[in-house]
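Pasted below: coords_12.cif, mmCIF, C-alpha atoms.
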data_final
loop_
_atom_site.label_atom_id
_atom_site.label_comp_id
_atom_site.auth_asym_id
_atom_site.auth_seq_id
_atom_site.Cartn_x
_atom_site.Cartn_y
_atom_site.Cartn_z
CA MET Q 8 -11.09 -9.06 1.53
CA GLN Q 9 -7.58 -7.75 1.19
CA LYS Q 10 -4.91 -10.31 0.36
CA GLU Q 11 -1.62 -9.86 2.16
CA LEU Q 12 1.89 -11.15 1.71
CA MET Q 13 4.29 -10.35 4.54
CA TYR Q 14 8.02 -10.83 4.83
CA GLN Q 15 9.76 -9.51 7.92
CA THR Q 16 13.32 -10.33 8.79
CA LYS Q 17 16.54 -8.65 9.76
CA SER Q 18 17.64 -8.06 6.23
CA ALA Q 19 16.54 -7.90 2.66
CA LYS Q 20 19.66 -9.30 1.04
CA SER Q 21 20.40 -8.16 -2.46
CA SER Q 22 21.33 -10.69 -5.07
CA PHE Q 23 23.99 -9.04 -7.13
CA GLY Q 24 26.92 -10.93 -5.70
CA PHE Q 25 28.50 -8.37 -3.37
CA LYS Q 26 29.59 -9.30 0.12
CA ARG Q 27 28.23 -7.15 2.89
CA LYS Q 28 30.77 -5.08 4.77
CA THR Q 29 29.89 -4.75 8.42
CA TYR Q 30 31.21 -2.96 11.48
CA ARG Q 31 31.86 -4.59 14.79
CA GLY Q 32 31.27 -2.97 18.11
CA ASN Q 33 28.67 -1.99 20.69
CA THR Q 34 26.31 0.94 20.60
CA THR Q 35 27.72 2.43 23.82
CA GLY Q 36 31.05 3.90 24.79
CA SER Q 37 33.36 5.88 22.57
CA SER Q 38 32.36 6.79 19.06
CA GLY Q 39 34.49 5.79 16.14
CA PHE Q 40 34.80 9.52 15.43
CA GLY Q 41 36.10 10.34 18.91
CA PHE Q 42 32.94 11.80 20.38
CA SER Q 43 31.28 10.78 23.63
CA ARG Q 44 28.06 8.78 23.35
CA SER Q 45 26.36 10.37 26.32
CA HIS Q 46 22.72 11.01 25.46
CA ASN Q 47 22.34 14.06 27.71
CA PHE Q 48 22.54 16.71 25.02
CA ARG Q 49 20.31 18.79 22.86
CA SER Q 50 20.23 19.27 19.12
CA THR Q 51 22.02 22.15 17.44
CA SER Q 52 19.05 22.46 15.10
CA GLY Q 53 16.38 22.28 17.74
CA ALA Q 54 15.30 18.63 17.58
CA ASN Q 55 13.67 19.03 21.01
CA ARG Q 56 11.80 22.24 20.32
CA PRO Q 57 9.08 23.04 17.80
CA ARG Q 58 10.21 23.98 14.31
CA ARG Q 59 8.41 25.63 11.44
CA GLY Q 60 6.27 23.25 9.41
CA ARG Q 61 5.68 19.67 10.45
CA SER Q 62 8.05 18.54 13.19
CA GLU Q 63 8.34 16.00 15.94
CA GLN Q 64 10.49 15.42 18.97
CA ILE Q 65 13.14 12.83 18.19
CA ASP Q 66 15.08 10.74 20.70
CA ILE Q 67 18.67 11.60 19.79
CA SER Q 68 19.79 8.08 20.70
CA LYS Q 69 18.10 6.95 17.48
CA TYR Q 70 20.99 8.55 15.59
CA ILE Q 71 23.48 6.12 17.16
CA GLN Q 72 23.47 2.57 15.88
CA ARG Q 73 26.12 0.10 14.93
CA SER Q 74 25.87 -2.04 11.81
CA VAL Q 75 24.68 -5.58 12.43
CA PRO Q 76 27.75 -7.78 13.14
CA ILE Q 77 28.72 -10.53 10.74
CA GLY Q 78 26.75 -13.71 11.30
CA THR Q 79 23.60 -12.07 12.67
CA ILE Q 80 22.03 -11.08 9.33
CA GLU Q 81 19.37 -13.42 8.07
CA SER Q 82 19.56 -13.63 4.31
CA TYR Q 83 16.50 -13.85 2.12
CA ALA Q 84 16.17 -16.84 -0.19
CA PRO Q 85 14.00 -15.81 -3.17
CA VAL Q 86 11.40 -18.26 -4.44
CA ASN Q 87 11.82 -17.05 -8.02
CA SER Q 88 14.58 -16.08 -10.37
CA PHE Q 89 13.94 -13.36 -12.94
CA ARG Q 90 13.60 -16.06 -15.59
CA ASP Q 91 10.71 -17.60 -13.60
CA PHE Q 92 8.52 -14.55 -14.21
CA GLY Q 93 8.07 -15.48 -17.87
CA PHE Q 94 9.01 -12.14 -19.39
CA CYS Q 95 9.20 -11.88 -23.16
CA LYS Q 96 12.57 -12.64 -24.71
CA GLU Q 97 13.30 -8.97 -25.46
CA LEU Q 98 12.79 -7.90 -21.85
CA GLN Q 99 14.62 -10.95 -20.52
CA PHE Q 100 17.57 -10.08 -22.78
CA ASN Q 101 17.77 -6.63 -21.19
CA LEU Q 102 17.60 -8.12 -17.70
CA ASP Q 103 20.37 -10.57 -18.51
CA LYS Q 104 22.46 -7.73 -19.91
CA LYS Q 105 21.93 -5.73 -16.72
CA GLY Q 106 22.90 -8.76 -14.61
CA TYR Q 107 19.53 -9.30 -12.95
CA LEU Q 108 19.46 -12.91 -11.73
CA LYS Q 109 17.82 -13.15 -8.32
CA PRO Q 110 15.13 -10.71 -7.24
CA THR Q 111 15.06 -8.75 -4.01
CA PRO Q 112 12.26 -9.67 -1.56
CA ILE Q 113 9.74 -7.14 -2.86
CA GLN Q 114 10.54 -8.05 -6.47
CA ASP Q 115 10.19 -11.74 -5.64
CA GLN Q 116 6.79 -11.31 -4.02
CA ALA Q 117 5.18 -8.46 -5.97
CA ILE Q 118 6.00 -9.02 -9.65
CA LYS Q 119 3.81 -12.11 -10.14
CA PRO Q 120 0.65 -10.53 -8.62
CA ILE Q 121 1.15 -7.49 -10.84
CA LEU Q 122 1.62 -9.68 -13.92
CA SER Q 123 -1.63 -11.42 -12.95
CA GLY Q 124 -3.45 -8.08 -13.08
CA HIS Q 125 -3.92 -7.42 -9.35
CA ASP Q 126 -3.89 -3.99 -7.79
CA LEU Q 127 -1.03 -3.81 -5.32
CA ILE Q 128 0.19 -1.94 -2.25
CA GLY Q 129 3.97 -2.26 -1.91
CA LEU Q 130 5.47 -1.36 1.47
CA ALA Q 131 9.25 -1.46 1.60
CA ASN Q 132 12.29 0.39 2.83
CA THR Q 133 14.26 2.59 0.49
CA GLY Q 134 16.79 0.85 -1.73
CA THR Q 135 14.87 -2.41 -2.06
CA GLY Q 136 14.34 -2.38 -5.82
CA LYS Q 137 10.80 -1.00 -5.97
CA THR Q 138 11.26 0.68 -9.36
CA ALA Q 139 11.85 -2.61 -11.14
CA VAL Q 140 8.78 -4.05 -9.39
CA PHE Q 141 6.42 -1.81 -11.32
CA LEU Q 142 8.45 -1.08 -14.46
CA LEU Q 143 9.08 -4.68 -15.51
CA PRO Q 144 5.44 -5.90 -15.42
CA MET Q 145 4.22 -2.68 -17.05
CA ILE Q 146 6.78 -2.96 -19.86
CA GLU Q 147 5.75 -6.60 -20.38
CA LYS Q 148 2.07 -5.63 -20.41
CA VAL Q 149 2.45 -2.79 -22.91
CA PHE Q 150 4.80 -4.77 -25.16
CA LYS Q 151 2.11 -7.44 -25.52
CA ASN Q 152 -0.66 -4.88 -26.05
CA ASN Q 153 0.39 -1.45 -27.32
CA LEU Q 154 -3.09 -0.06 -26.64
CA GLU Q 155 -2.23 -0.06 -22.92
CA ASN Q 156 -0.99 3.21 -21.41
CA VAL Q 157 0.82 3.70 -18.11
CA LEU Q 158 0.90 6.80 -15.91
CA ILE Q 159 3.68 6.87 -13.29
CA ILE Q 160 3.65 9.65 -10.69
CA ALA Q 161 6.60 10.48 -8.42
CA PRO Q 162 6.99 13.24 -5.79
CA THR Q 163 10.15 14.89 -7.15
CA ARG Q 164 11.65 15.74 -10.53
CA GLU Q 165 14.80 13.79 -9.75
CA LEU Q 166 12.92 10.61 -8.90
CA ALA Q 167 10.72 10.91 -12.00
CA ILE Q 168 13.80 11.36 -14.21
CA GLN Q 169 15.50 8.42 -12.52
CA ILE Q 170 12.44 6.21 -13.19
CA ASP Q 171 12.48 7.32 -16.82
CA ASN Q 172 16.18 6.46 -17.13
CA GLU Q 173 15.55 2.98 -15.72
CA PHE Q 174 12.60 2.55 -18.07
CA ARG Q 175 14.89 3.26 -21.04
CA VAL Q 176 17.40 0.65 -19.88
CA PHE Q 177 14.77 -2.04 -19.27
CA SER Q 178 12.89 -1.37 -22.53
CA ALA Q 179 15.92 -0.93 -24.83
CA GLY Q 180 15.18 -2.22 -28.35
CA MET Q 181 11.50 -2.87 -27.60
CA ARG Q 182 10.13 0.19 -29.44
CA LEU Q 183 8.40 1.51 -26.32
CA TYR Q 184 8.51 5.24 -25.59
CA SER Q 185 8.00 7.54 -22.64
CA ALA Q 186 7.37 11.21 -21.94
CA ILE Q 187 8.87 12.79 -18.84
CA CYS Q 188 6.66 15.60 -17.45
CA VAL Q 189 8.21 17.54 -14.58
CA GLY Q 190 8.45 21.15 -13.51
CA GLY Q 191 11.50 23.32 -13.89
CA THR Q 192 12.11 22.26 -17.49
CA SER Q 193 10.78 23.33 -20.89
CA ILE Q 194 7.11 22.51 -21.16
CA SER Q 195 7.30 22.82 -24.95
CA LYS Q 196 9.61 19.81 -25.16
CA GLN Q 197 7.21 17.85 -22.97
CA ILE Q 198 4.27 18.84 -25.18
CA PHE Q 199 6.21 17.60 -28.21
CA SER Q 200 6.91 14.28 -26.44
CA LEU Q 201 3.22 13.87 -25.56
CA LYS Q 202 2.15 14.48 -29.15
CA ARG Q 203 4.14 11.35 -30.10
CA LYS Q 204 1.55 9.35 -28.10
CA PRO Q 205 3.97 7.51 -25.78
CA ASN Q 206 2.66 4.50 -23.86
CA PHE Q 207 4.42 5.65 -20.68
CA VAL Q 208 4.01 9.08 -19.09
CA ILE Q 209 6.19 9.71 -16.04
CA GLY Q 210 5.80 12.91 -14.08
CA THR Q 211 5.25 14.95 -10.95
CA PRO Q 212 1.74 15.90 -9.78
CA GLY Q 213 1.97 19.65 -10.39
CA ARG Q 214 3.21 19.44 -13.98
CA LEU Q 215 0.78 16.62 -14.82
CA LYS Q 216 -2.10 18.76 -13.55
CA ASP Q 217 -0.87 21.71 -15.63
CA LEU Q 218 -0.69 19.60 -18.80
CA SER Q 219 -4.14 18.15 -18.08
CA GLN Q 220 -5.65 21.62 -17.74
CA ARG Q 221 -4.14 22.48 -21.13
CA GLY Q 222 -5.90 19.45 -22.58
CA LEU Q 223 -2.60 17.73 -23.41
CA ILE Q 224 -3.03 14.79 -21.03
CA LYS Q 225 -6.29 12.91 -20.67
CA PHE Q 226 -6.17 10.75 -17.55
CA ASN Q 227 -9.07 8.60 -18.73
CA THR Q 228 -6.77 7.14 -21.41
CA PHE Q 229 -4.51 5.44 -18.86
CA GLN Q 230 -5.43 1.87 -17.97
CA ASN Q 231 -2.52 1.62 -15.51
CA ILE Q 232 -1.49 3.97 -12.70
CA VAL Q 233 1.63 3.79 -10.52
CA LEU Q 234 2.12 6.05 -7.50
CA ASP Q 235 5.67 5.90 -6.19
CA GLU Q 236 6.60 7.28 -2.76
CA VAL Q 237 2.94 8.00 -2.01
CA ASP Q 238 3.62 9.09 1.57
CA ARG Q 239 6.09 11.72 0.36
CA MET Q 240 3.62 13.09 -2.20
CA LEU Q 241 0.99 13.50 0.50
CA ASP Q 242 3.54 15.09 2.84
CA MET Q 243 4.28 17.62 0.09
CA GLY Q 244 0.59 18.57 -0.11
CA PHE Q 245 -0.36 16.81 -3.34
CA VAL Q 246 -3.37 14.97 -1.96
CA ASP Q 247 -5.87 17.05 -4.01
CA GLU Q 248 -3.92 16.58 -7.26
CA ILE Q 249 -3.57 12.84 -6.68
CA THR Q 250 -7.25 12.46 -5.83
CA GLU Q 251 -8.27 14.41 -8.96
CA ILE Q 252 -6.08 12.26 -11.19
CA LEU Q 253 -7.40 9.04 -9.67
CA ASN Q 254 -11.00 10.24 -10.05
CA ASN Q 255 -10.45 10.75 -13.78
CA LEU Q 256 -8.96 7.33 -14.49
CA PRO Q 257 -11.13 4.69 -16.18
CA LYS Q 258 -12.91 2.35 -13.79
CA ASN Q 259 -11.31 -0.67 -15.39
CA ARG Q 260 -7.67 -0.05 -14.45
CA GLN Q 261 -4.71 -1.54 -12.61
CA ALA Q 262 -3.37 0.58 -9.75
CA LEU Q 263 -0.05 0.13 -7.95
CA PHE Q 264 0.81 2.13 -4.82
CA PHE Q 265 4.31 2.13 -3.32
CA SER Q 266 5.18 3.69 -0.01
CA ALA Q 267 7.52 3.31 2.93
CA THR Q 268 4.73 3.99 5.45
CA MET Q 269 0.96 3.67 5.55
CA PRO Q 270 -0.57 6.74 7.24
CA GLU Q 271 -4.34 7.20 7.38
CA LYS Q 272 -4.45 9.41 4.26
CA ILE Q 273 -2.94 6.61 2.18
CA LYS Q 274 -5.31 4.07 3.70
CA ASN Q 275 -8.21 6.27 2.58
CA LEU Q 276 -6.82 6.43 -0.95
CA THR Q 277 -6.38 2.66 -1.12
CA ARG Q 278 -9.91 2.06 0.16
CA ASN Q 279 -11.39 4.45 -2.40
CA PHE Q 280 -9.31 3.68 -5.47
CA LEU Q 281 -7.86 0.16 -5.27
CA ASN Q 282 -9.81 -2.97 -6.08
CA ASP Q 283 -9.10 -5.87 -3.70
CA PRO Q 284 -5.36 -5.12 -3.64
CA VAL Q 285 -2.57 -7.51 -2.75
CA THR Q 286 -0.34 -6.05 -0.05
CA VAL Q 287 3.35 -6.93 -0.14
CA ALA Q 288 5.11 -5.67 2.97
CA VAL Q 289 8.84 -6.16 2.97
CA LYS Q 290 9.84 -4.13 5.98
CA THR Q 291 13.05 -4.55 7.92
CA ARG Q 292 13.99 -2.30 10.79
CA ASP Q 293 13.63 1.46 10.18
CA THR Q 294 17.19 1.91 8.96
CA ALA Q 295 19.48 -0.37 6.99
CA GLU Q 296 21.54 -2.93 8.88
CA ASN Q 297 24.70 -1.96 7.03
CA VAL Q 298 24.60 1.77 7.84
CA LEU Q 299 26.71 2.77 10.83
CA GLN Q 300 24.97 5.69 12.55
CA ASP Q 301 26.67 8.11 14.89
CA ILE Q 302 26.55 11.66 16.21
CA VAL Q 303 29.01 14.54 15.96
CA ARG Q 304 28.90 16.73 19.06
CA VAL Q 305 29.65 20.42 18.80
CA ARG Q 306 29.46 23.12 21.48
CA ASP Q 307 27.55 25.59 19.29
CA LYS Q 308 26.83 26.52 15.70
CA SER Q 309 30.04 28.52 15.34
CA GLU Q 310 32.03 25.29 15.67
CA LYS Q 311 30.07 23.28 13.09
CA LEU Q 312 31.87 24.25 9.90
CA ASP Q 313 35.33 23.56 11.35
CA ARG Q 314 34.17 20.18 12.64
CA LEU Q 315 32.63 19.38 9.26
CA LYS Q 316 35.92 20.21 7.50
CA ASP Q 317 37.78 17.96 9.95
CA LEU Q 318 35.48 15.11 8.95
CA LEU Q 319 35.75 15.78 5.23
CA ASN Q 320 39.54 15.60 5.48
CA LYS Q 321 39.32 11.97 6.59
CA PRO Q 322 40.35 9.67 3.72
CA GLU Q 323 37.34 7.35 4.13
CA LEU Q 324 34.85 10.14 3.30
CA LEU Q 325 35.05 9.58 -0.44
CA LYS Q 326 31.55 10.52 -1.58
CA VAL Q 327 29.49 12.57 0.86
CA LEU Q 328 25.86 13.73 0.79
CA ILE Q 329 25.25 16.56 3.26
CA PHE Q 330 21.70 17.52 4.25
CA THR Q 331 20.72 20.85 5.71
CA GLU Q 332 17.31 22.41 6.21
CA THR Q 333 16.78 25.42 3.95
CA LYS Q 334 17.67 26.34 0.39
CA ARG Q 335 19.66 29.34 1.63
CA GLU Q 336 21.65 27.17 4.07
CA VAL Q 337 22.40 24.66 1.31
CA GLU Q 338 23.78 27.30 -1.04
CA LYS Q 339 25.77 29.02 1.70
CA LEU Q 340 27.37 25.79 2.90
CA ALA Q 341 28.23 24.62 -0.62
CA LEU Q 342 29.92 27.95 -1.38
CA GLU Q 343 31.84 27.86 1.92
CA LEU Q 344 33.11 24.36 1.19
CA SER Q 345 34.09 25.29 -2.36
CA ALA Q 346 35.98 28.32 -1.03
CA CYS Q 347 37.89 25.95 1.27
CA GLY Q 348 39.00 23.86 -1.70
CA TYR Q 349 36.46 21.03 -1.54
CA LYS Q 350 34.82 19.87 -4.76
CA SER Q 351 31.17 20.44 -3.88
CA GLN Q 352 27.85 20.95 -5.63
CA SER Q 353 24.39 21.86 -4.34
CA ILE Q 354 20.81 20.86 -5.07
CA HIS Q 355 17.62 22.52 -3.83
CA GLY Q 356 14.21 23.62 -5.04
CA ASN Q 357 15.22 27.12 -6.16
CA LYS Q 358 17.65 25.80 -8.75
CA ARG Q 359 16.59 25.32 -12.33
CA GLN Q 360 16.15 21.70 -13.30
CA SER Q 361 19.14 21.85 -15.64
CA GLN Q 362 21.31 23.05 -12.73
CA ARG Q 363 19.99 20.30 -10.48
CA GLU Q 364 20.71 17.68 -13.11
CA ARG Q 365 24.26 18.99 -13.61
CA SER Q 366 24.92 18.80 -9.87
CA LEU Q 367 23.56 15.25 -9.65
CA THR Q 368 25.51 14.15 -12.71
CA ALA Q 369 28.76 15.57 -11.30
CA PHE Q 370 28.14 13.75 -8.02
CA ARG Q 371 27.17 10.48 -9.71
CA ASN Q 372 30.26 10.59 -11.95
CA ASN Q 373 32.58 11.41 -9.03
CA ASP Q 374 33.46 14.80 -10.52
CA CYS Q 375 32.74 16.24 -7.09
CA GLN Q 376 33.19 14.75 -3.63
CA ILE Q 377 30.33 16.50 -1.88
CA LEU Q 378 26.67 17.18 -2.66
CA VAL Q 379 24.90 19.58 -0.30
CA ALA Q 380 21.10 19.22 -0.44
CA THR Q 381 17.74 19.88 1.07
CA ASP Q 382 15.34 16.98 1.53
CA VAL Q 383 14.61 17.13 -2.21
CA ALA Q 384 17.44 14.57 -2.46
CA ALA Q 385 16.24 12.41 0.44
CA ARG Q 386 13.71 10.25 -1.39
CA GLY Q 387 14.15 7.64 -4.03
CA LEU Q 388 17.43 8.78 -5.58
CA ASP Q 389 19.77 5.90 -6.31
CA ILE Q 390 23.36 7.16 -6.41
CA ASP Q 391 26.09 4.55 -6.39
CA ASN Q 392 28.75 4.35 -3.69
CA VAL Q 393 27.75 7.20 -1.39
CA THR Q 394 30.08 6.47 1.52
CA HIS Q 395 28.63 8.95 4.03
CA VAL Q 396 25.46 10.92 4.72
CA ILE Q 397 25.91 13.88 7.04
CA ASN Q 398 22.92 15.57 8.69
CA TYR Q 399 24.32 19.07 9.17
CA THR Q 400 20.91 19.96 10.57
CA ILE Q 401 18.51 17.49 12.14
CA PRO Q 402 15.45 16.72 9.98
CA ASN Q 403 11.91 17.64 10.98
CA THR Q 404 10.84 14.03 11.48
CA TYR Q 405 12.46 10.68 12.08
CA ASP Q 406 10.86 9.49 8.85
CA ASP Q 407 12.86 12.16 6.99
CA TYR Q 408 16.00 10.98 8.79
CA VAL Q 409 15.41 7.40 7.66
CA HIS Q 410 15.08 8.48 4.05
CA ARG Q 411 18.11 10.75 4.21
CA ILE Q 412 20.45 8.06 5.45
CA GLY Q 413 18.93 5.59 3.00
CA ARG Q 414 21.07 7.26 0.32
CA THR Q 415 24.07 5.33 1.67
CA GLY Q 416 24.56 1.64 2.44
CA ARG Q 417 22.39 0.63 -0.50
CA GLY Q 418 22.18 -3.00 -1.58
CA ASP Q 419 25.06 -4.88 0.01
CA ASN Q 420 27.35 -1.86 0.32
CA SER Q 421 28.22 -0.40 3.70
CA GLY Q 422 27.68 3.24 4.62
CA GLN Q 423 27.87 5.69 7.48
CA ALA Q 424 25.48 8.37 8.69
CA LEU Q 425 26.58 11.20 10.96
CA THR Q 426 24.26 13.71 12.65
CA PHE Q 427 25.42 17.02 14.14
CA VAL Q 428 24.16 17.78 17.66
CA ASP Q 429 25.37 20.01 20.47
#

Kindly present the structure from the file in structure tokens form.
Amino acid sequence: MQKELMYQTKSAKSSFGFKRKTYRGNTTGSSGFGFSRSHNFRSTSGANRPRRGRSEQIDISKYIQRSVPIGTIESYAPVNSFRDFGFCKELQFNLDKKGYLKPTPIQDQAIKPILSGHDLIGLANTGTGKTAVFLLPMIEKVFKNNLENVLIIAPTRELAIQIDNEFRVFSAGMRLYSAICVGGTSISKQIFSLKRKPNFVIGTPGRLKDLSQRGLIKFNTFQNIVLDEVDRMLDMGFVDEITEILNNLPKNRQALFFSATMPEKIKNLTRNFLNDPVTVAVKTRDTAENVLQDIVRVRDKSEKLDRLKDLLNKPELLKVLIFTETKREVEKLALELSACGYKSQSIHGNKRQSQRERSLTAFRNNDCQILVATDVAARGLDIDNVTHVINYTIPNTYDDYVHRIGRTGRGDNSGQALTFVD
């Protein structure tokens, strides 16, 4: 019988000592950006008509929401501190150095079951610290027994690389090594990394399958499997690859699944491949309490670029992530903004991985103000101090919208999300 731990409240308060900035006001009346809040309009990008690929009709009023006023946010009081988990002194030293004192709700509730050897289903909103939930116990486990191997699968190259970067920080000085296996980069370098017999392999499904077919990865040598952003991987059509990998794992294994949602396909995977899992569900409302959401009304598409430039000229838009639908639209918009004197970069699936990494690095380091992206940047990426997310086109699904705007207002920082409609 499945064990279940549930925590549901208005907020999952972070513990790193920042005060939450909030916005006061009602969700009706005049927008803070000077646009009417009447809901009798249609989407510029066709939110109320079918679109290619998966799509759904979205109530536009969902894009308008004030931050929760001060005094109404229920804070979470963790049961444990990071020192209570009993990590080895080397790992604890790295946590102390990083300033990890009090865990987030999912860290507080999920780390001990994982350390005890349970399979786990982790359900949580974006930005809740899921990466540390699986990395810390796995690092502890492998450090104590270097015969253990860990396979971590993520839906996108950027998320896999981000996980690998966090692994390196957490495991500094512990003589643990990883191989990052993603598409769009030199496979020869990845083959060289695999020949060093790393305990951690972190990759995307397509590249992992390729390396397996070449005989360079043997899935039956991994006693631990982590699937991060499972719902996104299935949305991207990786169900066959994931099922094949899981089928080739040893029967005696520990499996950890992390997802924001639990559609039927994931339920089938958990029933078939997890052994009496603990479920830790740390779900707040769909979108973060400290993200102010609003709409930008335009008469037609010809007006959009001018309205976007008006917004970008506002001094509070310091670090802006702009989402649009197609790779061609991303590149066109980024070039148009650069021609207008804005420091902008772009990221989409047609770019080489080295180009994508350069764009992300420039945005992370504040060398550019604007990153224009497809939904490849909507999941999992943790970029500090994004002040605004702008949906230049409306996403196919509300789930995609939630993940897009989750790139701002992370932890205890405030953020704003603006969606263009006509």

So that I can see what lies close to Leu183 (chain Q), please list as a PDB file with C-alpha atoms, in the frame of the given file the residues with an atom at most 12 Å from it, counting all atoms listed in the file and leaving out residues fewer than 6 positions away in the same chain.
ATOM      1  CA  GLU Q  97      13.300  -8.970 -25.460  1.00  0.00           C
ATOM      2  CA  LEU Q  98      12.790  -7.900 -21.850  1.00  0.00           C
ATOM      3  CA  MET Q 145       4.220  -2.680 -17.050  1.00  0.00           C
ATOM      4  CA  ILE Q 146       6.780  -2.960 -19.860  1.00  0.00           C
ATOM      5  CA  GLU Q 147       5.750  -6.600 -20.380  1.00  0.00           C
ATOM      6  CA  LYS Q 148       2.070  -5.630 -20.410  1.00  0.00           C
ATOM      7  CA  VAL Q 149       2.450  -2.790 -22.910  1.00  0.00           C
ATOM      8  CA  PHE Q 150       4.800  -4.770 -25.160  1.00  0.00           C
ATOM      9  CA  LYS Q 151       2.110  -7.440 -25.520  1.00  0.00           C
ATOM     10  CA  ASN Q 152      -0.660  -4.880 -26.050  1.00  0.00           C
ATOM     11  CA  ASN Q 153       0.390  -1.450 -27.320  1.00  0.00           C
ATOM     12  CA  LEU Q 154      -3.090  -0.060 -26.640  1.00  0.00           C
ATOM     13  CA  GLU Q 155      -2.230  -0.060 -22.920  1.00  0.00           C
ATOM     14  CA  ASN Q 156      -0.990   3.210 -21.410  1.00  0.00           C
ATOM     15  CA  VAL Q 157       0.820   3.700 -18.110  1.00  0.00           C
ATOM     16  CA  ASP Q 171      12.480   7.320 -16.820  1.00  0.00           C
ATOM     17  CA  PHE Q 174      12.600   2.550 -18.070  1.00  0.00           C
ATOM     18  CA  ARG Q 175      14.890   3.260 -21.040  1.00  0.00           C
ATOM     19  CA  VAL Q 176      17.400   0.650 -19.880  1.00  0.00           C
ATOM     20  CA  PHE Q 177      14.770  -2.040 -19.270  1.00  0.00           C
ATOM     21  CA  ARG Q 203       4.140  11.350 -30.100  1.00  0.00           C
ATOM     22  CA  LYS Q 204       1.550   9.350 -28.100  1.00  0.00           C
ATOM     23  CA  PRO Q 205       3.970   7.510 -25.780  1.00  0.00           C
ATOM     24  CA  ASN Q 206       2.660   4.500 -23.860  1.00  0.00           C
ATOM     25  CA  PHE Q 207       4.420   5.650 -20.680  1.00  0.00           C
ATOM     26  CA  VAL Q 208       4.010   9.080 -19.090  1.00  0.00           C
TER      27      VAL Q 208
END

Interface rows for region 70-171 of chain Q against region 258-268 of chain Q: nearest pair, Å to one decimal, 9 Å, all atoms listed in the file, as JSON lines:
{"residue": "Q:Ile121", "atom": "CA", "partner": "Q:Leu263", "partner_atom": "CA", "distance": 8.2}
{"residue": "Q:Gly124", "atom": "CA", "partner": "Q:Gln261", "partner_atom": "CA", "distance": 6.7}
{"residue": "Q:His125", "atom": "CA", "partner": "Q:Gln261", "partner_atom": "CA", "distance": 6.8}
{"residue": "Q:Asp126", "atom": "CA", "partner": "Q:Ala262", "partner_atom": "CA", "distance": 5.0}
{"residue": "Q:Leu127", "atom": "CA", "partner": "Q:Leu263", "partner_atom": "CA", "distance": 4.8}
{"residue": "Q:Ile128", "atom": "CA", "partner": "Q:Phe264", "partner_atom": "CA", "distance": 4.9}
{"residue": "Q:Gly129", "atom": "CA", "partner": "Q:Phe265", "partner_atom": "CA", "distance": 4.6}
{"residue": "Q:Leu130", "atom": "CA", "partner": "Q:Ser266", "partner_atom": "CA", "distance": 5.3}
{"residue": "Q:Ala131", "atom": "CA", "partner": "Q:Ala267", "partner_atom": "CA", "distance": 5.2}
{"residue": "Q:Asn132", "atom": "CA", "partner": "Q:Ala267", "partner_atom": "CA", "distance": 5.6}
{"residue": "Q:Thr133", "atom": "CA", "partner": "Q:Ala267", "partner_atom": "CA", "distance": 7.2}
{"residue": "Q:Lys137", "atom": "CA", "partner": "Q:Phe265", "partner_atom": "CA", "distance": 7.7}
{"residue": "Q:Phe141", "atom": "CA", "partner": "Q:Leu263", "partner_atom": "CA", "distance": 7.5}

On this structure, the PyMOL selection byres ((chain Q and resi 423-426) around 10) would catch which residues? List them as a PyMOL selection string, sorted by chain and number. chain Q and resi 40+50-51+67+70-74+297-304+318+324+327-330+393-402+408+411-416+421-422+427-428

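Residue nearest Gly136 (chain Q) within the list Q:Arg359, Q:Thr381, Q:Arg417, Q:Leu342: Q:Arg417 [criterion: smallest interatomic distance, all atoms listed in the file].
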
Enter the distance from CA of Pro322 (chain Q) to CA of Lys350 (chain Q), in Å, rounded to one decimal.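 It comes out at 14.4 Å.
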
For CA of Leu201 (chain Q) and CA of Tyr184 (chain Q), quote the distance in Å rounded to one decimal.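 According to the coordinates, CA of Leu201 (chain Q) and CA of Tyr184 (chain Q) are separated by 10.1 Å.
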
Would you compute the distance between CA of Thr228 (chain Q) and CA of Leu253 (chain Q)? Give it in Å to one decimal.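 Going from CA of Thr228 (chain Q) over to CA of Leu253 (chain Q), I get 11.9 Å.
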
Just say which residues the PyMOL selection byres ((chain Q and resi 347) around 12) picks in this file, as a PyMOL selection string. chain Q and resi 312-313+315-317+319-320+340-346+348-351

Give, as JSON, the centre coordinates and the x, y and z edge lengths in Å to one decimal for an axis-aligned box around all listed atoms of region 88-106 of chain Q, padded by 6 Å on each side.
{"center_x": 15.5, "center_y": -11.7, "center_z": -17.9, "size_x": 26.8, "size_y": 23.9, "size_z": 27.1}

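Shortest separation to Gln362 (chain Q) among Q:Asn279, Q:Thr333, Q:Thr192, Q:Thr286 occurs at residue Q:Thr192, atoms counted being only C-alpha atoms.
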
Return the single residue from Q:Glu364, Q:Glu271, Q:Asp374, Q:Glu251 that is closest to Ile168 (chain Q), with distances computed using all atoms listed in the file.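 Once distances to Ile168 (chain Q) are computed over all atoms listed in the file, the minimum belongs to Q:Glu364.
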
Any chance you could resolve the PyMOL selection byres ((chain Q and resi 376) around 6) against this file and give the residues as a tab-separated table (two decimals) with C-alpha atoms, in the coordinates of the input?
chain	number	residue	atom	x	y	z
Q	326	LYS	CA	31.55	10.52	-1.58
Q	350	LYS	CA	34.82	19.87	-4.76
Q	375	CYS	CA	32.74	16.24	-7.09
Q	377	ILE	CA	30.33	16.50	-1.88
